[in-house]
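Raw contents of final.cif, mmCIF, C-alpha atoms:
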```cif
data_target
#
loop_
_atom_site.label_atom_id
_atom_site.label_comp_id
_atom_site.auth_asym_id
_atom_site.auth_seq_id
_atom_site.Cartn_x
_atom_site.Cartn_y
_atom_site.Cartn_z
CA MET A 265 0.00 0.00 0.00
CA LYS A 266 2.83 2.36 0.92
CA LYS A 267 4.61 1.69 -2.38
CA LEU A 268 1.41 2.37 -4.32
CA VAL A 269 0.88 5.74 -2.63
CA LYS A 270 4.53 6.62 -3.19
CA ALA A 271 4.27 5.69 -6.88
CA ILE A 272 1.09 7.75 -7.32
CA VAL A 273 2.59 10.83 -5.64
CA LEU A 274 5.77 10.48 -7.68
CA SER A 275 3.78 10.14 -10.91
CA ILE A 276 1.69 13.22 -10.16
CA ALA A 277 4.81 15.22 -9.32
CA ALA A 278 6.51 14.06 -12.53
CA LEU A 279 3.47 15.04 -14.59
CA GLY A 280 3.36 18.48 -12.97
CA VAL A 281 7.06 19.14 -13.48
CA GLY A 282 6.87 17.85 -17.05
CA TYR A 283 3.93 20.11 -17.84
CA MET A 284 5.74 23.12 -16.41
CA ALA A 285 8.93 22.25 -18.31
CA ILE A 286 7.02 22.03 -21.59
CA SER A 287 4.75 25.06 -21.08
CA LEU A 288 7.46 27.45 -19.87
CA PRO A 289 9.25 27.86 -23.24
CA PHE A 290 5.94 28.47 -25.04
CA HIS A 291 5.03 31.10 -22.47
CA LEU A 292 8.44 32.73 -22.86
CA PHE A 293 8.09 32.87 -26.66
CA THR A 294 5.12 35.18 -26.32
CA THR A 295 6.52 37.44 -23.58
CA LEU A 296 10.24 37.86 -24.32
CA SER A 297 12.00 39.64 -27.15
CA ASP A 298 14.29 37.83 -29.60
CA GLY A 299 17.42 39.07 -27.84
CA MET A 300 16.23 37.84 -24.46
CA MET A 301 15.33 34.46 -25.93
CA GLU A 302 18.87 34.14 -27.31
CA VAL A 303 20.32 34.99 -23.89
CA ILE A 304 18.10 32.40 -22.20
CA PHE A 305 18.98 29.80 -24.84
CA ILE A 306 22.72 30.38 -24.34
CA ALA A 307 22.32 30.25 -20.56
CA GLU A 308 20.41 26.99 -20.90
CA LEU A 309 23.18 25.49 -23.04
CA ILE A 310 25.78 26.56 -20.48
CA ILE A 311 23.76 24.98 -17.67
CA TYR A 312 23.44 21.72 -19.64
CA ALA A 313 27.21 21.71 -20.27
CA ILE A 314 27.96 22.27 -16.58
CA VAL A 315 25.58 19.52 -15.48
CA GLY A 316 27.06 17.14 -18.06
CA ALA A 317 30.60 17.94 -16.94
CA LEU A 318 29.67 17.39 -13.30
CA PHE A 319 28.09 14.06 -14.18
CA LEU A 320 31.25 12.96 -16.00
CA ILE A 321 33.48 14.10 -13.14
CA VAL A 322 31.41 12.24 -10.55
CA SER A 323 31.27 9.05 -12.63
CA GLU A 324 35.04 9.12 -13.21
CA ARG A 325 35.63 9.66 -9.50
CA LYS A 326 33.42 6.68 -8.67
CA LYS A 327 35.31 4.51 -11.17
CA LYS A 328 38.66 5.51 -9.65
CA GLU A 329 37.36 4.87 -6.14
CA LYS A 330 36.12 1.44 -7.17
CA ILE A 331 39.53 0.61 -8.67
CA ARG A 332 41.34 1.82 -5.52
CA THR A 333 39.01 -0.24 -3.33
CA ALA A 334 39.62 -3.35 -5.45
CA GLU A 335 43.39 -2.81 -5.27
CA ARG A 336 43.22 -2.35 -1.51
CA HIS A 337 41.19 -5.54 -1.10
CA THR A 338 43.58 -7.48 -3.33
CA ALA A 339 46.60 -6.22 -1.39
CA ARG A 340 44.97 -7.12 1.92
CA ARG A 341 44.02 -10.59 0.68
CA GLU A 342 47.58 -11.18 -0.54
CA LYS A 343 48.98 -10.00 2.80
CA ILE A 344 46.69 -12.36 4.71
CA GLU A 345 47.70 -15.27 2.47
CA ARG A 346 51.40 -14.41 2.93
CA VAL A 347 51.03 -14.22 6.71
CA GLN A 348 49.22 -17.58 6.75
CA ARG A 349 51.98 -19.19 4.63
CA GLU A 350 54.68 -17.77 6.91
CA TRP A 351 52.77 -18.96 9.97
CA TYR A 352 52.54 -22.46 8.52
CA ASP A 353 56.28 -22.39 7.75
CA LEU A 354 57.04 -21.39 11.35
CA ALA A 355 54.71 -24.06 12.72
CA ALA A 356 56.32 -26.77 10.57
#
```
Would you mind writing the file out in structure tokens?
Amino acid sequence: MKKLVKAIVLSIAALGVGYMAISLPFHLFTTLSDGMMEVIFIAELIIYAIVGALFLIVSERKKKEKIRTAERHTARREKIERVQREWYDLAA
């Protein structure tokens, strides 16, 4: 029941945001001059570029962190295996 309510609320919110995102440019076409529309278009492109760059930076950082974690786990596993081998050699 809780998931259903959450899905309904999320769907309504998505529809509202989508409607506003679609209707805003049409409203701006009738109220702004050509020069202002060009400024808004350029600003929008800059915002998209910044968001895209941030996404790429975050994804690259996550990849590097995953690689570092894997290397750390491999080094720790190798150290544990080496210590166990040395312990067996001392015990024998």
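The nearest approach to Ile304 in chain A among the residues A:Ala317, A:Leu292, A:Ile331, A:Leu274, with all atoms listed in the file taken into account, belongs to A:Leu292.
What separates CA of Phe290 in chain A from CA of Gly316 in chain A is a distance of 25.0 Å.
When CA of Val303 in chain A is paired with CA of Pro289 in chain A, their separation reads 13.2 Å.
With CA of Gly280 in chain A on one side and CA of Leu320 in chain A on the other, the separation reads 28.6 Å.
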